[in-house]
Amino acid sequence: MFRAKPDSNSNEATNTMFSKLLFYLVLLPLAYLPIRVLYALSDCIYFLLYHIFGYRKKVVFNNLKESFPEKNDQWIMQTAKKYYRHLADIAVEMVLNLRLQPNKLFARYHITNPKMTVKYFEHGQSVILMSAHYNNWEYMITSLEHQVLHHGVGVGKQLSDKALDKCLNKYRTRYGTEVVFADHVRQTFEYYHKHKVPTAYMMLCDQSPNDIHKCWWTSFLNHDTGVIYGAEYFARKYNIPVLYYDVQKVRRGYYEITFHHITDTPQQTERGEIVEKYVRMLEQTITRQPEYWLWSHRRWKHKRPTSIA
């Protein structure tokens, strides 16, 4: 019997509609719940993730054990529980971020030394801000345009659900920060360089690299690790100063960001020098309070190619 092939356009339209309904009928209304209710919801999410569904428990425990081999099982379990509590908080804070007004957002997420970027702006220089998926990164995307004098650009990875991603980015960028993805990063750097627009590029450099031959291989948290090279590449190409920003959790829902200097003269550095400095700073940040990093990702799924061993 002949069976008609599924209409891909029809399936795509259905998925798009479902994603929009999810966003506008579930996520956005949740954002307007009282904050205390959202954090009560976070407590429930933690219980479900850790105790009921065991969300990626094997990945989390394995990552922690391999990264901190000197720690005992009790420490691993306590850290894992703290991580799942924090992961639940991040989930509700991503929702809360959809409706926070600037004054409320800046009260919860502010830079302790904002003047560190002023000198670059006054000299017409862009700056690359390197960091990781540590503590809350969504607040940085939304607030960057107003945290610094530069035009803010968040360099990110697009969600597989493009319709939901479009809805989220509409609210992420409501205060002026621009979000660009891998296929437009080169054009974005070139455009703002050509038009001499001082730009602050927020780049989270702890994802697993797409190309294991083009990343920088180093030791990180007791692992042989491939680190995305893009931030250093663009810093050296356009001679853009580089800062590391450290995010500390002051208390539940409140964060402080501190800039740290990596280099003002990237074109005078050796290849890999910028990435190495970033990795060492990130390692210190994670070691200080490991529960706030995103441990549920398979970060070490790639192995170093023998051709560059």
# chains A, B, ... in the order shown; residues from 1 in each chain; ligands from 1

$ residues_around --residues "Ile141 (chain A)" --least-positions-apart "6" --cutoff "12 Å" --atoms "only C-alpha atoms" --output "MDAnalysis selection string"
chainID A and resid 94 97:98 105 109 129 131 133 147:148 151:156 168:180 200:204

$ residues_around --residues "Tyr229 (chain A)" --least-positions-apart "2" --cutoff "9 Å" --atoms "only C-alpha atoms" --output "mmCIF file with N, CA and C atoms, in the first residue's frame"
data_model
loop_
_atom_site.group_PDB
_atom_site.id
_atom_site.type_symbol
_atom_site.label_atom_id
_atom_site.label_comp_id
_atom_site.auth_asym_id
_atom_site.auth_seq_id
_atom_site.Cartn_x
_atom_site.Cartn_y
_atom_site.Cartn_z
ATOM 1 N N CYS A 205 33.140 30.255 26.915
ATOM 2 C CA CYS A 205 34.121 29.427 26.210
ATOM 3 C C CYS A 205 34.321 28.050 26.829
ATOM 4 N N PRO A 209 33.909 21.757 21.964
ATOM 5 C CA PRO A 209 34.145 22.302 20.627
ATOM 6 C C PRO A 209 33.486 21.453 19.544
ATOM 7 N N LYS A 214 40.360 22.207 15.517
ATOM 8 C CA LYS A 214 40.550 23.649 15.497
ATOM 9 C C LYS A 214 40.505 24.268 16.896
ATOM 10 N N CYS A 215 40.282 23.459 17.911
ATOM 11 C CA CYS A 215 40.252 23.986 19.275
ATOM 12 C C CYS A 215 41.658 23.967 19.873
ATOM 13 N N TRP A 216 41.772 24.463 21.104
ATOM 14 C CA TRP A 216 43.050 24.459 21.812
ATOM 15 C C TRP A 216 43.004 23.367 22.873
ATOM 16 N N GLY A 226 39.630 19.906 25.119
ATOM 17 C CA GLY A 226 39.605 20.779 23.953
ATOM 18 C C GLY A 226 38.795 22.021 24.272
ATOM 19 N N VAL A 227 39.409 23.191 24.154
ATOM 20 C CA VAL A 227 38.751 24.453 24.494
ATOM 21 C C VAL A 227 38.503 25.246 23.215
ATOM 22 N N ALA A 231 37.420 32.924 20.835
ATOM 23 C CA ALA A 231 37.677 34.193 21.521
ATOM 24 C C ALA A 231 39.101 34.671 21.255
ATOM 25 N N GLU A 232 40.071 33.752 21.371
ATOM 26 C CA GLU A 232 41.458 34.141 21.109
ATOM 27 C C GLU A 232 41.654 34.489 19.638
ATOM 28 N N TYR A 233 41.029 33.740 18.771
ATOM 29 C CA TYR A 233 41.168 33.994 17.330
ATOM 30 C C TYR A 233 40.753 35.417 16.985
ATOM 31 N N PHE A 234 39.581 35.832 17.449
ATOM 32 C CA PHE A 234 39.090 37.170 17.114
ATOM 33 C C PHE A 234 39.868 38.247 17.869
ATOM 34 N N GLY A 272 47.650 30.412 21.847
ATOM 35 C CA GLY A 272 47.199 29.627 22.989
ATOM 36 C C GLY A 272 47.363 30.320 24.326
ATOM 37 N N VAL A 275 43.940 31.645 25.752
ATOM 38 C CA VAL A 275 43.094 30.535 26.189
ATOM 39 C C VAL A 275 43.627 29.934 27.478
#

$ residues_around --residues "Thr269 (chain A)" --least-positions-apart "4" --cutoff "12 Å" --atoms "only C-alpha atoms" --output "NGL selection string"
:A and (232-233 or 235-237 or 239-242 or 262-265 or 273-277)

$ closest_residue --among "A:Ile228, A:Thr199, A:Gly253, A:Asn210" --to "Tyr39 (chain A)" --atoms "only C-alpha atoms"
A:Gly253

$ atom_distance --atom1 "CA of Ile212 (chain A)" --atom2 "CA of Arg271 (chain A)"
16.6 Å

$ closest_residue --among "A:Ile76, A:Ile257, A:Ala88, A:Met281" --to "Leu49 (chain A)" --atoms "only C-alpha atoms"
A:Ala88

$ residues_around --residues "Phe106 (chain A)" --least-positions-apart "2" --cutoff "10 Å" --atoms "only C-alpha atoms" --output "compact mmCIF listing (two decimals) with C-alpha atoms, in the first residue's frame"
# COMPACT_ATOMS: atom_id res chain seq x y z
CA LEU A 100 12.67 41.65 35.30
CA GLN A 101 12.78 45.42 34.93
CA PRO A 102 16.26 47.01 34.68
CA ASN A 103 16.40 48.23 38.29
CA LYS A 104 15.40 44.79 39.61
CA ARG A 108 20.36 41.04 41.40
CA TYR A 109 23.27 41.09 38.97
CA HIS A 110 25.85 43.84 38.96
CA ILE A 111 29.51 44.42 38.10
CA TYR A 139 21.25 37.83 33.42
CA MET A 140 24.55 38.89 31.82
CA SER A 143 21.89 43.34 31.13
CA HIS A 146 23.58 48.65 30.34
CA GLN A 147 26.34 47.15 32.47
CA TYR A 254 21.90 37.60 43.69
CA TYR A 255 25.25 37.72 41.88
CA GLU A 256 28.34 39.90 41.60

$ select_by_dssp --residues "region 16-259 of chain A" --states "strand (DSSP E or B)" --output "PyMOL selection string"
chain A and resi 109-111+127-131+134+151-156+178-181+199-204+216-220+223-227+242-251+254-259

$ write_last_selection --atoms "C-alpha atoms" --output "short mmCIF file (atom, residue, chain, number, x, y, z; two decimals), in the first residue's frame"
data_model
loop_
_atom_site.label_atom_id
_atom_site.label_comp_id
_atom_site.auth_asym_id
_atom_site.auth_seq_id
_atom_site.Cartn_x
_atom_site.Cartn_y
_atom_site.Cartn_z
CA TYR A 109 23.27 41.09 38.97
CA HIS A 110 25.85 43.84 38.96
CA ILE A 111 29.51 44.42 38.10
CA VAL A 127 36.67 44.21 24.46
CA ILE A 128 36.13 40.46 24.65
CA LEU A 129 34.63 39.20 27.90
CA MET A 130 35.46 35.52 28.42
CA SER A 131 33.57 33.40 30.91
CA TYR A 134 28.98 29.33 35.81
CA HIS A 151 27.47 47.98 22.68
CA GLY A 152 26.80 44.52 24.11
CA VAL A 153 26.93 41.38 21.98
CA GLY A 154 26.35 37.91 23.37
CA VAL A 155 27.91 35.15 21.27
CA GLY A 156 25.92 31.97 21.78
CA GLU A 178 22.53 41.74 20.60
CA VAL A 179 22.73 37.95 20.38
CA VAL A 180 24.60 36.29 17.50
CA PHE A 181 25.23 32.65 16.69
CA THR A 199 31.68 46.53 21.35
CA ALA A 200 31.75 44.20 24.37
CA TYR A 201 31.60 40.60 23.19
CA MET A 202 30.37 38.17 25.83
CA MET A 203 31.82 34.75 24.96
CA LEU A 204 31.17 31.62 27.05
CA TRP A 216 43.05 24.46 21.81
CA TRP A 217 44.00 21.36 23.79
CA THR A 218 45.09 21.75 27.40
CA SER A 219 44.76 20.31 30.89
CA PHE A 220 41.62 21.46 32.68
CA HIS A 223 41.11 16.24 32.04
CA ASP A 224 42.74 16.56 28.65
CA THR A 225 40.36 19.18 27.29
CA GLY A 226 39.61 20.78 23.95
CA VAL A 227 38.75 24.45 24.49
CA VAL A 242 40.45 40.45 26.64
CA LEU A 243 39.00 40.27 30.15
CA TYR A 244 37.78 37.33 32.21
CA TYR A 245 34.66 37.92 34.25
CA ASP A 246 34.11 35.98 37.44
CA VAL A 247 30.52 35.55 38.66
CA GLN A 248 30.03 34.96 42.38
CA LYS A 249 26.75 34.02 44.02
CA VAL A 250 26.21 36.41 46.95
CA ARG A 251 23.00 34.72 48.07
CA TYR A 254 21.90 37.60 43.69
CA TYR A 255 25.25 37.72 41.88
CA GLU A 256 28.34 39.90 41.60
CA ILE A 257 30.60 40.09 38.55
CA THR A 258 34.26 41.03 38.75
CA PHE A 259 36.44 41.68 35.70
#

$ select_by_dssp --residues "region 50-271 of chain A" --states "helix (DSSP H, G or I)" --output "VMD selection string"
chain A and resid 50 to 52 57 to 67 73 to 96 102 to 108 114 to 122 138 to 147 162 to 172 182 to 194 230 to 238 266 to 268

$ closest_residue --among "A:Lys65, A:Arg288, A:His297, A:Leu87" --to "Asn135 (chain A)" --atoms "only C-alpha atoms"
A:Leu87

$ closest_residue --among "A:Pro305, A:Tyr192, A:Phe47, A:Gln74" --to "His86 (chain A)" --atoms "only C-alpha atoms"
A:Phe47

$ atom_distance --atom1 "CA of Trp293 (chain A)" --atom2 "CA of Ala132 (chain A)"
8.1 Å

$ closest_residue --among "A:Gly124, A:Leu221, A:Leu164, A:Ser296" --to "His193 (chain A)" --atoms "only C-alpha atoms"
A:Gly124

$ closest_residue --among "A:Leu22, A:Met77, A:Leu27, A:Met17" --to "Phe61 (chain A)" --atoms "only C-alpha atoms"
A:Met77

$ decode --residues "region 203-232 of chain A" --atoms "N, CA and C atoms" --output "compact mmCIF listing (two decimals), in the first residue's frame"
# COMPACT_ATOMS: atom_id res chain seq x y z
N MET A 203 31.56 36.05 25.57
CA MET A 203 31.82 34.75 24.96
C MET A 203 32.00 33.69 26.05
N LEU A 204 31.08 32.74 26.11
CA LEU A 204 31.17 31.62 27.05
C LEU A 204 31.97 30.52 26.38
N CYS A 205 33.14 30.26 26.91
CA CYS A 205 34.12 29.43 26.21
C CYS A 205 34.32 28.05 26.83
N ASP A 206 33.31 27.55 27.54
CA ASP A 206 33.47 26.25 28.19
C ASP A 206 32.66 25.14 27.52
N GLN A 207 32.04 25.44 26.36
CA GLN A 207 31.30 24.39 25.66
C GLN A 207 32.26 23.40 25.02
N SER A 208 31.73 22.23 24.69
CA SER A 208 32.54 21.27 23.93
C SER A 208 32.70 21.80 22.52
N PRO A 209 33.91 21.76 21.96
CA PRO A 209 34.14 22.30 20.63
C PRO A 209 33.49 21.45 19.54
N ASN A 210 33.03 22.12 18.48
CA ASN A 210 32.45 21.39 17.34
C ASN A 210 33.53 20.70 16.51
N ASP A 211 34.68 21.33 16.43
CA ASP A 211 35.78 20.80 15.63
C ASP A 211 36.98 20.55 16.54
N ILE A 212 37.29 19.29 16.79
CA ILE A 212 38.37 18.96 17.73
C ILE A 212 39.75 19.25 17.16
N HIS A 213 39.81 19.56 15.86
CA HIS A 213 41.10 19.88 15.23
C HIS A 213 41.40 21.38 15.27
N LYS A 214 40.36 22.21 15.52
CA LYS A 214 40.55 23.65 15.50
C LYS A 214 40.51 24.27 16.90
N CYS A 215 40.28 23.46 17.91
CA CYS A 215 40.25 23.99 19.28
C CYS A 215 41.66 23.97 19.87
N TRP A 216 41.77 24.46 21.10
CA TRP A 216 43.05 24.46 21.81
C TRP A 216 43.00 23.37 22.87
N TRP A 217 43.98 22.47 22.84
CA TRP A 217 44.00 21.36 23.79
C TRP A 217 44.90 21.69 24.97
N THR A 218 44.36 21.43 26.18
CA THR A 218 45.09 21.75 27.40
C THR A 218 44.60 20.88 28.54
N SER A 219 45.21 21.01 29.69
CA SER A 219 44.76 20.31 30.89
C SER A 219 43.80 21.21 31.66
N PHE A 220 42.64 20.67 31.99
CA PHE A 220 41.62 21.46 32.68
C PHE A 220 40.81 20.54 33.59
N LEU A 221 40.83 20.81 34.89
CA LEU A 221 40.10 20.01 35.87
C LEU A 221 40.43 18.53 35.76
N ASN A 222 41.71 18.25 35.66
CA ASN A 222 42.19 16.88 35.64
C ASN A 222 41.80 16.11 34.37
N HIS A 223 41.48 16.85 33.31
CA HIS A 223 41.11 16.24 32.04
C HIS A 223 41.94 16.84 30.91
N ASP A 224 42.21 16.05 29.91
CA ASP A 224 42.74 16.56 28.65
C ASP A 224 41.55 17.16 27.91
N THR A 225 41.57 18.48 27.70
CA THR A 225 40.36 19.18 27.29
C THR A 225 40.58 20.01 26.02
N GLY A 226 39.63 19.91 25.12
CA GLY A 226 39.61 20.78 23.95
C GLY A 226 38.80 22.02 24.27
N VAL A 227 39.41 23.19 24.15
CA VAL A 227 38.75 24.45 24.49
C VAL A 227 38.50 25.25 23.21
N ILE A 228 37.31 25.80 23.10
CA ILE A 228 36.96 26.60 21.93
C ILE A 228 37.96 27.75 21.78
N TYR A 229 38.46 27.92 20.55
CA TYR A 229 39.54 28.87 20.29
C TYR A 229 39.03 30.22 19.78
N GLY A 230 37.72 30.34 19.52
CA GLY A 230 37.18 31.52 18.87
C GLY A 230 37.51 32.84 19.51
N ALA A 231 37.42 32.92 20.83
CA ALA A 231 37.68 34.19 21.52
C ALA A 231 39.10 34.67 21.26
N GLU A 232 40.07 33.75 21.37
CA GLU A 232 41.46 34.14 21.11
C GLU A 232 41.65 34.49 19.64
